[in-house]
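Novice: My file is data-v8.cif. It has mmCIF, C-alpha atoms:
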```cif
data_model
loop_
_atom_site.group_PDB
_atom_site.id
_atom_site.type_symbol
_atom_site.label_atom_id
_atom_site.label_comp_id
_atom_site.auth_asym_id
_atom_site.auth_seq_id
_atom_site.Cartn_x
_atom_site.Cartn_y
_atom_site.Cartn_z
ATOM 1 C CA MET A 731 106.289 106.163 131.104
ATOM 2 C CA LYS A 732 102.829 105.797 129.603
ATOM 3 C CA SER A 733 103.275 108.753 127.245
ATOM 4 C CA ASN A 734 106.637 107.684 125.792
ATOM 5 C CA ARG A 735 105.165 106.317 122.567
ATOM 6 C CA VAL A 736 103.182 109.493 121.964
ATOM 7 C CA ILE A 737 106.065 111.810 122.882
ATOM 8 C CA PHE A 738 108.280 109.899 120.469
ATOM 9 C CA PHE A 739 106.216 111.064 117.499
ATOM 10 C CA VAL A 740 106.050 114.607 118.805
ATOM 11 C CA LEU A 741 109.823 114.716 119.134
ATOM 12 C CA VAL A 742 110.537 113.311 115.683
ATOM 13 C CA GLY A 743 108.351 115.853 113.992
ATOM 14 C CA LEU A 744 106.429 118.242 116.214
ATOM 15 C CA PHE A 745 107.325 121.138 113.965
ATOM 16 C CA SER A 746 105.416 119.359 111.233
ATOM 17 C CA GLY A 747 102.305 120.379 113.092
ATOM 18 C CA CYS A 748 103.516 123.829 114.060
ATOM 19 C CA LEU A 749 105.085 124.603 110.708
ATOM 20 C CA PHE A 750 102.582 122.672 108.698
ATOM 21 C CA PHE A 751 100.943 125.852 107.516
ATOM 22 C CA ASP A 752 103.964 126.616 105.317
ATOM 23 C CA SER A 753 103.749 123.278 103.620
ATOM 24 C CA LEU A 754 101.590 123.738 100.574
ATOM 25 C CA ALA A 755 101.294 127.472 100.139
ATOM 26 C CA GLN A 756 102.598 128.804 96.826
ATOM 27 C CA ARG A 757 101.514 125.634 94.986
ATOM 28 C CA GLY A 758 98.650 127.376 93.217
ATOM 29 C CA GLU A 759 95.532 125.233 92.961
ATOM 30 C CA GLU A 760 97.422 121.975 93.539
ATOM 31 C CA SER A 761 96.474 120.850 97.019
ATOM 32 C CA SER A 762 97.258 117.171 97.291
ATOM 33 C CA LEU A 763 99.526 115.875 100.027
ATOM 34 C CA LEU A 764 100.499 113.011 97.712
ATOM 35 C CA TRP A 765 102.981 113.702 94.895
ATOM 36 C CA LYS A 766 104.184 111.458 92.088
ATOM 37 C CA ILE A 767 107.910 111.753 91.285
ATOM 38 C CA THR A 768 109.077 111.038 87.728
ATOM 39 C CA GLY A 769 111.736 112.292 85.299
ATOM 40 C CA ASN A 770 115.524 112.189 85.325
ATOM 41 C CA ASP A 771 115.443 108.690 83.826
ATOM 42 C CA LEU A 772 113.598 107.123 86.770
ATOM 43 C CA PRO A 773 112.488 103.689 85.520
ATOM 44 C CA ARG A 774 109.389 103.770 87.748
ATOM 45 C CA PRO A 775 107.640 106.495 89.745
ATOM 46 C CA SER A 776 108.210 107.160 93.399
ATOM 47 C CA TYR A 777 105.820 109.023 95.716
ATOM 48 C CA LEU A 778 106.138 111.794 98.281
ATOM 49 C CA TYR A 779 103.503 112.075 101.016
ATOM 50 C CA GLY A 780 103.026 114.778 103.653
ATOM 51 C CA THR A 781 102.002 113.437 107.031
ATOM 52 C CA MET A 782 100.604 114.838 110.226
ATOM 53 C CA HIS A 783 102.459 113.072 112.976
ATOM 54 C CA MET A 784 99.619 112.744 115.478
ATOM 55 C CA LEU A 785 95.844 112.627 115.177
ATOM 56 C CA CYS A 786 92.999 111.286 117.245
ATOM 57 C CA PRO A 787 91.602 108.025 115.816
ATOM 58 C CA GLU A 788 88.377 109.662 114.665
ATOM 59 C CA ASP A 789 90.356 112.133 112.547
ATOM 60 C CA PHE A 790 92.652 109.575 110.949
ATOM 61 C CA THR A 791 91.948 108.214 107.477
ATOM 62 C CA MET A 792 94.139 106.489 104.890
ATOM 63 C CA ASP A 793 92.792 107.156 101.412
ATOM 64 C CA PRO A 794 92.778 104.133 99.039
ATOM 65 C CA VAL A 795 94.797 106.157 96.523
ATOM 66 C CA VAL A 796 97.577 106.538 99.102
ATOM 67 C CA VAL A 797 97.428 102.816 99.863
ATOM 68 C CA ASN A 798 97.653 101.956 96.156
ATOM 69 C CA CYS A 799 100.627 104.233 95.592
ATOM 70 C CA PHE A 800 102.319 102.762 98.650
ATOM 71 C CA ALA A 801 101.736 99.250 97.295
ATOM 72 C CA SER A 802 103.399 100.144 94.003
ATOM 73 C CA THR A 803 106.747 100.892 95.683
ATOM 74 C CA GLN A 804 109.508 98.681 97.022
ATOM 75 C CA GLN A 805 110.844 100.645 99.987
ATOM 76 C CA VAL A 806 109.645 103.244 102.485
ATOM 77 C CA VAL A 807 111.632 106.294 103.536
ATOM 78 C CA MET A 808 110.671 108.427 106.526
ATOM 79 C CA GLU A 809 112.400 111.161 108.476
ATOM 80 C CA LEU A 810 113.777 108.444 110.735
ATOM 81 C CA ASP A 811 114.163 104.687 110.426
ATOM 82 C CA ILE A 812 111.360 103.990 112.879
ATOM 83 C CA ASP A 813 111.676 100.205 112.735
ATOM 84 C CA ASP A 814 115.149 100.486 114.268
ATOM 85 C CA PRO A 815 114.818 98.481 117.526
ATOM 86 C CA THR A 816 117.135 100.936 119.312
ATOM 87 C CA MET A 817 115.072 103.982 118.310
ATOM 88 C CA MET A 818 113.123 104.472 121.541
ATOM 89 C CA GLN A 819 116.192 103.931 123.679
ATOM 90 C CA LYS A 820 118.133 106.564 121.751
ATOM 91 C CA MET A 821 115.226 108.989 121.786
ATOM 92 C CA THR A 822 114.728 108.624 125.517
ATOM 93 C CA ARG A 823 118.423 109.153 126.237
ATOM 94 C CA LEU A 824 118.676 112.216 124.027
ATOM 95 C CA SER A 825 115.524 113.722 125.542
ATOM 96 C CA MET A 826 117.250 114.081 128.911
ATOM 97 C CA ASN A 827 119.429 116.957 130.082
ATOM 98 C CA ALA A 828 123.167 116.303 130.228
ATOM 99 C CA GLY A 829 124.233 114.865 133.555
ATOM 100 C CA GLY A 830 120.610 114.486 134.644
ATOM 101 C CA LYS A 831 120.342 118.220 135.362
ATOM 102 C CA ASN A 832 116.935 119.324 136.630
ATOM 103 C CA ILE A 833 115.920 122.646 135.064
ATOM 104 C CA SER A 834 113.549 123.537 137.903
ATOM 105 C CA SER A 835 116.155 125.963 139.250
ATOM 106 C CA GLU A 836 115.928 127.964 136.014
ATOM 107 C CA LEU A 837 112.230 128.682 136.542
ATOM 108 C CA THR A 838 110.572 131.261 138.753
ATOM 109 C CA SER A 839 108.505 129.965 141.634
ATOM 110 C CA GLY A 840 105.372 130.943 139.725
ATOM 111 C CA GLN A 841 106.491 129.119 136.586
ATOM 112 C CA LEU A 842 107.445 126.031 138.568
ATOM 113 C CA SER A 843 104.074 125.966 140.304
ATOM 114 C CA GLN A 844 102.234 126.374 136.986
ATOM 115 C CA LEU A 845 104.201 123.644 135.231
ATOM 116 C CA ASP A 846 103.953 121.303 138.215
ATOM 117 C CA GLY A 847 100.196 121.733 138.200
ATOM 118 C CA PHE A 848 99.948 120.751 134.555
ATOM 119 C CA LEU A 849 102.333 117.792 134.792
ATOM 120 C CA ILE A 850 100.744 116.365 137.934
ATOM 121 C CA ALA A 851 97.251 116.711 136.495
ATOM 122 C CA ASN A 852 98.170 115.106 133.167
ATOM 123 C CA TYR A 853 101.052 112.735 133.950
ATOM 124 C CA GLY A 854 100.940 112.164 137.688
ATOM 125 C CA MET A 855 104.482 113.465 138.134
ATOM 126 C CA SER A 856 106.005 116.837 138.992
ATOM 127 C CA MET A 857 109.133 118.654 137.890
ATOM 128 C CA GLN A 858 110.970 116.885 140.677
ATOM 129 C CA GLN A 859 110.812 113.791 138.461
ATOM 130 C CA LEU A 860 110.351 115.298 134.991
ATOM 131 C CA GLY A 861 112.640 118.331 135.274
ATOM 132 C CA VAL A 862 115.556 116.210 134.059
ATOM 133 C CA MET A 863 113.978 116.285 130.595
ATOM 134 C CA LYS A 864 115.041 118.885 128.074
ATOM 135 C CA PRO A 865 112.679 121.857 127.726
ATOM 136 C CA PHE A 866 111.599 120.751 124.271
ATOM 137 C CA THR A 867 110.554 117.378 125.668
ATOM 138 C CA LEU A 868 108.456 119.076 128.323
ATOM 139 C CA TYR A 869 106.954 121.333 125.673
ATOM 140 C CA SER A 870 106.102 118.242 123.639
ATOM 141 C CA MET A 871 104.300 116.755 126.619
ATOM 142 C CA ILE A 872 102.105 119.850 126.750
ATOM 143 C CA VAL A 873 101.367 119.801 123.022
ATOM 144 C CA VAL A 874 100.392 116.113 123.170
ATOM 145 C CA LYS A 875 97.562 117.037 125.511
ATOM 146 C CA LEU A 876 96.088 119.466 122.998
ATOM 147 C CA LEU A 877 94.721 116.364 121.283
ATOM 148 C CA ARG A 878 91.519 115.377 123.011
ATOM 149 C CA CYS A 879 92.168 111.643 123.046
ATOM 150 C CA GLU A 880 94.187 109.286 125.210
ATOM 151 C CA GLN A 881 95.761 107.275 122.385
ATOM 152 C CA PRO A 882 96.717 109.381 119.337
ATOM 153 C CA VAL A 883 97.541 107.576 116.113
ATOM 154 C CA SER A 884 99.990 108.452 113.368
ATOM 155 C CA PHE A 885 100.599 107.944 109.683
ATOM 156 C CA GLU A 886 104.122 106.824 110.536
ATOM 157 C CA MET A 887 102.908 103.905 112.621
ATOM 158 C CA GLU A 888 100.425 102.932 109.920
ATOM 159 C CA PHE A 889 103.140 103.001 107.257
ATOM 160 C CA LEU A 890 105.335 100.938 109.564
ATOM 161 C CA ARG A 891 102.557 98.341 109.863
ATOM 162 C CA MET A 892 101.999 98.355 106.107
ATOM 163 C CA SER A 893 105.711 97.968 105.362
ATOM 164 C CA GLN A 894 106.041 95.058 107.769
ATOM 165 C CA GLN A 895 102.993 93.397 106.251
ATOM 166 C CA ALA A 896 104.445 93.846 102.755
ATOM 167 C CA GLY A 897 107.918 92.758 103.825
ATOM 168 C CA ILE A 898 109.624 95.928 102.587
ATOM 169 C CA GLU A 899 112.334 97.960 104.253
ATOM 170 C CA ILE A 900 112.041 101.304 106.029
ATOM 171 C CA GLU A 901 114.930 103.741 105.709
ATOM 172 C CA GLY A 902 115.557 107.110 107.360
ATOM 173 C CA LEU A 903 116.603 110.458 105.932
ATOM 174 C CA GLU A 904 118.415 111.385 109.130
ATOM 175 C CA THR A 905 119.555 109.847 112.391
ATOM 176 C CA VAL A 906 118.013 110.270 115.816
ATOM 177 C CA GLU A 907 121.188 112.007 116.919
ATOM 178 C CA TYR A 908 120.941 114.550 114.116
ATOM 179 C CA GLN A 909 117.254 115.226 114.592
ATOM 180 C CA MET A 910 117.542 115.717 118.337
ATOM 181 C CA GLY A 911 120.598 117.885 117.715
ATOM 182 C CA VAL A 912 118.357 120.199 115.711
ATOM 183 C CA PHE A 913 116.332 120.854 118.843
ATOM 184 C CA ASP A 914 119.485 121.188 120.944
ATOM 185 C CA SER A 915 120.655 124.013 118.653
ATOM 186 C CA ILE A 916 117.680 126.121 119.750
ATOM 187 C CA PRO A 917 118.476 128.074 122.943
ATOM 188 C CA ALA A 918 116.947 126.533 126.046
ATOM 189 C CA THR A 919 115.590 129.948 127.005
ATOM 190 C CA ASP A 920 113.507 129.976 123.818
ATOM 191 C CA GLN A 921 112.236 126.480 124.494
ATOM 192 C CA ILE A 922 111.231 127.460 128.031
ATOM 193 C CA GLU A 923 109.330 130.420 126.569
ATOM 194 C CA TRP A 924 107.452 127.947 124.338
ATOM 195 C CA ILE A 925 106.433 125.950 127.422
ATOM 196 C CA PHE A 926 104.779 128.836 129.200
ATOM 197 C CA ALA A 927 103.298 130.345 126.073
ATOM 198 C CA ALA A 928 101.632 126.982 125.418
ATOM 199 C CA LEU A 929 100.335 126.772 128.989
ATOM 200 C CA LYS A 930 99.087 130.360 128.947
ATOM 201 C CA GLU A 931 97.404 129.995 125.578
ATOM 202 C CA LYS A 932 96.247 126.409 125.946
ATOM 203 C CA ASP A 933 92.622 127.081 125.000
ATOM 204 C CA ASP A 934 93.685 129.080 121.935
ATOM 205 C CA ARG A 935 96.161 126.363 120.941
ATOM 206 C CA GLU A 936 93.470 123.701 121.150
ATOM 207 C CA GLY A 937 91.300 125.740 118.841
ATOM 208 C CA GLU A 938 94.151 126.297 116.409
ATOM 209 C CA LEU A 939 94.937 122.590 116.387
ATOM 210 C CA ALA A 940 91.312 121.731 115.678
ATOM 211 C CA GLN A 941 91.344 124.176 112.772
ATOM 212 C CA MET A 942 94.639 122.765 111.508
ATOM 213 C CA ILE A 943 93.253 119.216 111.547
ATOM 214 C CA LYS A 944 90.157 120.354 109.687
ATOM 215 C CA HIS A 945 92.212 122.129 107.035
ATOM 216 C CA TYR A 946 94.604 119.183 106.769
ATOM 217 C CA LYS A 947 91.720 116.826 106.084
ATOM 218 C CA ASN A 948 90.218 119.270 103.582
ATOM 219 C CA LYS A 949 93.604 120.224 102.098
ATOM 220 C CA ASP A 950 92.617 123.878 102.353
ATOM 221 C CA ILE A 951 95.840 125.649 101.371
ATOM 222 C CA ASP A 952 94.761 129.214 101.971
ATOM 223 C CA ALA A 953 93.374 128.510 105.429
ATOM 224 C CA LEU A 954 96.488 126.598 106.468
ATOM 225 C CA TYR A 955 98.738 129.406 105.349
ATOM 226 C CA SER A 956 96.619 131.980 107.178
ATOM 227 C CA LEU A 957 97.007 130.016 110.406
ATOM 228 C CA PHE A 958 100.751 129.840 109.894
ATOM 229 C CA ILE A 959 101.321 133.555 109.378
ATOM 230 C CA GLU A 960 99.271 134.311 112.487
ATOM 231 C CA ASN A 961 101.547 132.141 114.647
ATOM 232 C CA PRO A 962 105.082 133.597 115.087
ATOM 233 C CA GLU A 963 106.365 130.966 117.505
ATOM 234 C CA TYR A 964 109.010 129.269 115.355
ATOM 235 C CA ARG A 965 109.796 131.922 112.768
ATOM 236 C CA LYS A 966 113.317 132.744 113.916
ATOM 237 C CA HIS A 967 114.201 129.027 113.926
ATOM 238 C CA LEU A 968 112.627 128.233 110.569
ATOM 239 C CA ASP A 969 115.938 127.551 108.823
ATOM 240 C CA VAL A 970 117.289 125.057 111.345
ATOM 241 C CA LEU A 971 113.956 123.286 111.853
ATOM 242 C CA LEU A 972 112.923 123.110 108.236
ATOM 243 C CA HIS A 973 114.960 124.560 105.379
ATOM 244 C CA GLU A 974 118.401 123.216 106.287
ATOM 245 C CA ARG A 975 116.987 119.761 106.848
ATOM 246 C CA ASN A 976 115.190 119.847 103.488
ATOM 247 C CA LYS A 977 118.459 120.631 101.720
ATOM 248 C CA GLN A 978 120.236 117.754 103.426
ATOM 249 C CA TRP A 979 117.485 115.309 102.463
ATOM 250 C CA ILE A 980 117.638 115.894 98.710
ATOM 251 C CA PRO A 981 120.809 113.884 97.932
ATOM 252 C CA ALA A 982 119.490 110.963 99.989
ATOM 253 C CA ILE A 983 116.068 111.096 98.329
ATOM 254 C CA LYS A 984 117.694 111.083 94.886
ATOM 255 C CA GLU A 985 119.723 108.029 95.810
ATOM 256 C CA PHE A 986 116.709 106.178 97.198
ATOM 257 C CA ILE A 987 114.381 106.812 94.239
ATOM 258 C CA HIS A 988 117.012 105.782 91.689
ATOM 259 C CA GLU A 989 117.704 102.601 93.628
ATOM 260 C CA LYS A 990 114.063 101.390 93.579
ATOM 261 C CA PRO A 991 110.521 102.800 93.586
ATOM 262 C CA THR A 992 110.158 104.537 96.938
ATOM 263 C CA PHE A 993 107.337 105.840 99.113
ATOM 264 C CA ILE A 994 108.631 108.873 101.021
ATOM 265 C CA ALA A 995 106.603 110.022 104.035
ATOM 266 C CA VAL A 996 107.707 113.171 105.864
ATOM 267 C CA GLY A 997 105.992 115.884 107.852
ATOM 268 C CA ALA A 998 103.831 117.991 105.550
ATOM 269 C CA GLY A 999 105.681 121.122 106.607
ATOM 270 C CA HIS A 1000 108.659 119.957 104.566
ATOM 271 C CA LEU A 1001 106.846 119.796 101.240
ATOM 272 C CA GLY A 1002 106.144 123.311 100.087
ATOM 273 C CA SER A 1003 107.550 126.795 99.617
ATOM 274 C CA ASN A 1004 110.530 127.606 97.406
ATOM 275 C CA GLU A 1005 112.780 125.869 99.939
ATOM 276 C CA GLY A 1006 110.595 122.805 100.356
ATOM 277 C CA VAL A 1007 111.234 119.272 99.178
ATOM 278 C CA ILE A 1008 108.900 119.569 96.182
ATOM 279 C CA ALA A 1009 110.580 122.684 94.809
ATOM 280 C CA MET A 1010 114.076 121.329 95.479
ATOM 281 C CA LEU A 1011 113.370 118.093 93.640
ATOM 282 C CA GLU A 1012 111.929 120.071 90.738
ATOM 283 C CA LYS A 1013 115.128 122.144 90.634
ATOM 284 C CA GLU A 1014 117.022 118.875 90.329
ATOM 285 C CA GLY A 1015 115.052 118.099 87.153
ATOM 286 C CA TYR A 1016 112.352 115.799 88.539
ATOM 287 C CA THR A 1017 108.672 116.177 87.711
ATOM 288 C CA LEU A 1018 106.347 116.277 90.718
ATOM 289 C CA GLU A 1019 102.691 115.807 89.948
ATOM 290 C CA ALA A 1020 99.959 116.291 92.543
ATOM 291 C CA VAL A 1021 97.939 113.091 92.965
ATOM 292 C CA PRO A 1022 94.324 113.977 93.798
ATOM 293 C CA TYR A 1023 92.491 111.966 96.406
ATOM 294 C CA GLY A 1024 89.730 112.312 98.992
ATOM 295 C CA THR A 1025 87.145 115.063 99.032
ATOM 296 C CA HIS A 1026 87.146 118.772 99.755
ATOM 297 C CA ALA A 1027 84.494 119.152 102.376
ATOM 298 C CA ASN A 1028 82.830 122.502 102.965
ATOM 299 C CA ARG A 1029 83.898 123.796 99.547
#
```
Show how you would write the structure in this file as structure tokens.
Specialist:
Amino acid sequence: MKSNRVIFFVLVGLFSGCLFFDSLAQRGEESSLLWKITGNDLPRPSYLYGTMHMLCPEDFTMDPVVVNCFASTQQVVMELDIDDPTMMQKMTRLSMNAGGKNISSELTSGQLSQLDGFLIANYGMSMQQLGVMKPFTLYSMIVVKLLRCEQPVSFEMEFLRMSQQAGIEIEGLETVEYQMGVFDSIPATDQIEWIFAALKEKDDREGELAQMIKHYKNKDIDALYSLFIENPEYRKHLDVLLHERNKQWIPAIKEFIHEKPTFIAVGAGHLGSNEGVIAMLEKEGYTLEAVPYGTHANR
């Protein structure tokens, strides 16, 4: 399917966009998405970078400071090992309902008609074909279309290109099976609610996404946090989507950065708050220093 490549990045980190607003709040005046990791007898620094998984090409930039920090490391760590040749196959399989079940029967006739209209208009297929996908996958297909471009780009793909060019390895903090299992732990009824909330509020969501992209580019902490607290969609699943995963990443991150200088790129929603990766690494005795880069437009 034409959208598979795009949906892949939504599935591996959609909540980075939706939970992004939690990412850097509580960090005072420090607003960089790039953090230098030292201390605990690390022979050389490693770096932690907060990504946004999908952007339109005109919104995507890679600051030279980020490129230089990347070049100073010897391995790349992302949420998933995205250069695994079996990645897409696994993701596609795990995006489908068990036994090929079509969830159309779980929708009202009005909901089915509404979702069919969107899918046919945007993908040329109806729920007769796409209903075998898990609700979160269908939700992802809606969110993809909030971006007003046919071919979104991602930091992950750029870091993959850079790592291949430099001949360095990419590692993952978790497996595809684990990450998709996170979504499976959320009740399907909640995921179906997300679908129709997104369809109902599509115009509002597009505006929110545009604001989020603007604030991401400007690194405007206060504005990002304000957007987050106004959007209750994922609050009751915050632990499973974010905090529990952060905790599980810390031992692996420690092992990676003591093995060799490492560039760690994860969704920006994982960086901040008292339960974020930055705070957890600091609790482990590491020093995390914000690396300034870019400009703060409109400030």
Novice: Between A:Glu1019, A:Glu836, A:Glu880, A:Glu1014, which one has atoms that come closest to Gly861 (chain A), using only C-alpha atoms?
Specialist: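 Using only C-alpha atoms, the shortest distance to Gly861 (chain A) belongs to A:Glu836.
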Novice: Given all atoms listed in the file as the basis, pick out the residue of A:Ser761, A:Ser870, A:Thr781, A:Asn1004 nearest to Met887 (chain A).
Specialist: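 Closest residue, counting all atoms listed in the file: A:Thr781.
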Novice: From the set A:Ala928, A:Val795, A:Leu1001, A:Val1021, which residue has the shortest atom-to-atom contact distance to Leu764 (chain A), counting only C-alpha atoms?
Specialist: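 Of the candidates, the smallest distance to Leu764 (chain A) is held by A:Val1021.
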Novice: Might you spell out which residues the PyMOL selection byres ((chain A and resi 842) around 12) would select in the displayed file, as a PyMOL selection string?
Specialist: chain A and resi 832-841+843-850+856-858+860-861+922+925-926+929
Novice: Any chance you could tabulate, as CSV, the residues of region 855-960 of chain A at most 7 Å from region 812-825 of chain A with each one's nearest atom pair and distance in Å to one decimal, using all atoms listed in the file, in chain and rising number order?
Specialist:
```
residue,atom,partner,partner_atom,distance
A:Met863,CA,A:Ser825,CA,5.9
A:Lys864,CA,A:Ser825,CA,5.8
A:Thr867,CA,A:Ser825,CA,6.2
A:Ile900,CA,A:Asp813,CA,6.8
A:Val906,CA,A:Met821,CA,6.7
A:Met910,CA,A:Leu824,CA,6.8
```
Novice: In Å to one decimal, how far is CA of Gly854 (chain A) from CA of Ala828 (chain A)?
Specialist: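 Separation of CA of Ala828 (chain A) and CA of Gly854 (chain A): 23.8 Å.
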Novice: At what distance in Å, to one decimal, does CA of Val912 (chain A) lie from CA of His973 (chain A)?
Specialist: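 So the two atoms, CA of His973 (chain A) and CA of Val912 (chain A), lie 11.7 Å apart.
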Novice: Give the padded box for region 937-946 of chain A as JSON: axis-aligned, covering all atoms listed in the file, 5 Å on each side, centre and edge lengths in Å to one decimal.
Specialist:
```
{"center_x": 92.5, "center_y": 122.7, "center_z": 112.8, "size_x": 14.8, "size_y": 17.1, "size_z": 22.1}
```
Novice: If we count all atoms listed in the file and set the cut-off at 12 Å, which residues sit around Pro917 (chain A), ignoring sequence neighbours fewer than 4 positions away in its own chain? Please answer as a PyMOL selection string.
Specialist: chain A and resi 864-866+911-913+921-924+966-967
Novice: Figure out the distance between CA of Gln894 (chain A) and CA of Gly780 (chain A), please, to one decimal in Å.
Specialist: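 Between these atoms lies a distance of 20.4 Å.
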Novice: Taking only C-alpha atoms into account, name the residue in A:His783, A:Lys875, A:Lys932, A:Arg891 that is nearest to Ala998 (chain A).
Specialist: A:His783
Novice: Got a sec: who's within 12 Å of Asp933 (chain A), counting only C-alpha atoms, leaving out chain neighbours fewer than 6 positions off, as a VMD selection string?
Specialist: chain A and resid 873 875 to 878 927 939 to 940
Novice: Could you save the residues just selected, with C-alpha atoms, as a PDB file, keeping the file's coordinate frame?
Specialist:
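result.pdb, written as the output of this step:
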```
ATOM      1  CA  VAL A 873     101.367 119.801 123.022  1.00  0.00           C
ATOM      2  CA  LYS A 875      97.562 117.037 125.511  1.00  0.00           C
ATOM      3  CA  LEU A 876      96.088 119.466 122.998  1.00  0.00           C
ATOM      4  CA  LEU A 877      94.721 116.364 121.283  1.00  0.00           C
ATOM      5  CA  ARG A 878      91.519 115.377 123.011  1.00  0.00           C
ATOM      6  CA  ALA A 927     103.298 130.345 126.073  1.00  0.00           C
ATOM      7  CA  LEU A 939      94.937 122.590 116.387  1.00  0.00           C
ATOM      8  CA  ALA A 940      91.312 121.731 115.678  1.00  0.00           C
TER       9      ALA A 940
END
```
Novice: Selected by the PyMOL selection byres ((chain A and resi 902) around 9) in the shown coordinates: which residues, as an NGL selection string?
Specialist: :A and (806-812 or 900-901 or 903-905)
Novice: Find the residue from A:Gln909, A:Asn798, A:Ser915, A:Gln881 that sits nearest to Cys786 (chain A); use only C-alpha atoms when measuring.
Specialist: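 Smallest distance to Cys786 (chain A) is found for A:Gln881.
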Novice: Which is closest to Phe790 (chain A) among A:Met855, A:Glu888, A:Thr803, A:Met826, if we use only C-alpha atoms?
Specialist: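 Smallest distance to Phe790 (chain A) is found for A:Glu888.
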Novice: Just so the selection is clear, what residues does the PyMOL selection byres ((chain A and resi 988) around 10) cover here, as a list in words?
Specialist: Asn770, Asp771, Leu772, Pro773, Arg774, Pro775, Ser776, Ile983, Lys984, Glu985, Phe986, Ile987, Glu989, Lys990, Pro991 and Thr992 of chain A
Novice: Name all residues at most 8 Å from Ala1020 (chain A) (count all atoms listed in the file; drop same-chain ones fewer than 5 positions away) and give them as a PDB file with C-alpha atoms, in the frame of the given file.
Specialist:
```
ATOM      1  CA  GLU A 760      97.422 121.975  93.539  1.00  0.00           C
ATOM      2  CA  SER A 761      96.474 120.850  97.019  1.00  0.00           C
ATOM      3  CA  SER A 762      97.258 117.171  97.291  1.00  0.00           C
ATOM      4  CA  LEU A 763      99.526 115.875 100.027  1.00  0.00           C
ATOM      5  CA  LEU A 764     100.499 113.011  97.712  1.00  0.00           C
ATOM      6  CA  TRP A 765     102.981 113.702  94.895  1.00  0.00           C
ATOM      7  CA  LYS A 766     104.184 111.458  92.088  1.00  0.00           C
TER       8      LYS A 766
END
```
